[in-house]
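Reviewing the structure listed below.
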Amino acid sequence: KIKINPQTFKFMKKIKFFLLPLAFLLFSGCYRNQEIQPQKSITVNGTGTVSCIPDTAFLTFTVTTSGWSAKNITLDNDTISNRLIDSIKNIGVSEEDISKSQCVISNPGNSYESKRNISVTVRNLSLVPQIIDCKTASIKLKSVEYSVNDEQTLTRQARTKAIKNAQDAASLFAGASGTKTGSVINLLDMNYQKIFDDSGKINITAAVSVTFEIQ
């Protein structure tokens with residue numbers, strides 16, 4: 001067996017208790033230095049627009065009847081609404097594309113008033129003028145809105161263009177500064193608009209904000 005002098009043993013213990021905290025401080029310092037290093041990044045905005053011709057129209061009619069009896073004006077409203085629906089079907093609109101809301105009865109004065117909306121989806125735009133002409137004194141055209149049947153796909157295309165636009169802008173800025181872009185750190189969908197231009201086309205515009213890593 002190797003015998004260790006008691007004084008030597010005490011000295012080694014002192015060294016041990018001194019080196020352990022020192023090693024911990026050095027390790028903690030290195031770790032903190034790694035944490036405070038900021039990540040280099042660049043944030044740019046991008047927009048993308050897709051134009052298309054409307055292929056669908058949404059029409060809403062309001063049927064109004066009034067009188068002294070709430071029961072009678074409701075029956076009258078049912079009759080007028082059913083005639084309107086039959087007329088629209090005869091023009092060429094499918095029954096599945098016509099919906100009727102419940103009657104709402106109010107008492108604006110001494111008499112009663114009954115109102116309901118008839119909503120129509122028109123997939124053949126050439127039929128729109130004929131359908132609008134179905135309005136009468138009791139049937140008012142409330143709104144007409146044009147759209148596209150597959151708007152979701154067009155919106156996805158506009159967003160894809162917006163992201164590509166942001167990528168091009170980031171690459172341009174990074175190249176001018178002698179760096180290059182890396183992976184995407186953050187992507188924010190900022191805005192979505194559907195606007196009609198003077199030619200009658202629908203312009204779907206998407207806007208995004210993208211943060212890229214700089215290498």
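In the structure tokens, the first chain shown is A, the next is B, and so on; residue numbers restart at 1 for each chain, and ligands run from 1 in the order shown.
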Open item on the list: Give me, as a count of residues only, all polymer residues having an atom no more than 8 Å from segment 165-177 of chain A, counting only C-alpha atoms and skipping those fewer than 5 positions away in the same chain.
Closed with: 12
Open item on the list: Applying 7 Å and only C-alpha atoms, which residues near segment 62-73 of chain A remain after dropping the ones on its own chain fewer than 4 positions away? List them as a PyMOL selection string.
Closed with: chain A and resi 77+81+111-118+138-142
Show me, as a Markdown table, the residues of segment 104-159 of chain A having an atom within 12 Å of segment 180-199 of chain A, each with the closest atom pair and its distance in Å, using only C-alpha atoms.
```
| residue | atom | partner | partner_atom | distance |
| --- | --- | --- | --- | --- |
| A:Glu145 | CA | A:Phe196 | CA | 10.8 |
| A:Tyr146 | CA | A:Phe196 | CA | 9.2 |
| A:Ser147 | CA | A:Lys194 | CA | 9.2 |
| A:Val148 | CA | A:Lys194 | CA | 10.8 |
| A:Glu151 | CA | A:Lys194 | CA | 9.9 |
| A:Gln152 | CA | A:Tyr192 | CA | 11.8 |
| A:Leu154 | CA | A:Lys194 | CA | 10.7 |
| A:Thr155 | CA | A:Tyr192 | CA | 8.3 |
| A:Arg156 | CA | A:Tyr192 | CA | 10.8 |
| A:Ala158 | CA | A:Tyr192 | CA | 9.1 |
| A:Arg159 | CA | A:Asp189 | CA | 8.4 |
```
- [ ] One decimal, Å: what's the distance from atom CA of Ile105 of chain A over to atom CA of Leu75 of chain A, could you say?
- [x] 11.8 Å
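Those residues that approach Phe58 of chain A to within 9 Å, counting only C-alpha atoms, are Ser119, Val120, Thr121, Val122, Arg123, Ser143, Val144, Glu145, Tyr146 and Ser147 of chain A; same-chain residues fewer than 3 positions away are not listed.
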Prev. selection, C-alpha atoms, output as a compact mmCIF listing (two decimals), in the first residue's frame:
```txt
# COMPACT_ATOMS: atom_id res chain seq x y z
CA SER A 119 -80.01 34.09 -51.54
CA VAL A 120 -79.07 32.90 -55.03
CA THR A 121 -75.78 31.51 -56.33
CA VAL A 122 -75.53 32.02 -60.09
CA ARG A 123 -72.91 29.92 -61.88
CA SER A 143 -76.87 42.94 -53.04
CA VAL A 144 -74.91 41.51 -55.97
CA GLU A 145 -71.40 40.15 -55.47
CA TYR A 146 -69.14 38.59 -58.08
CA SER A 147 -66.47 36.05 -57.22
```
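Interatomic distance, atom CA of Leu59 of chain A to atom CA of Asn82 of chain A: 16.3 Å.
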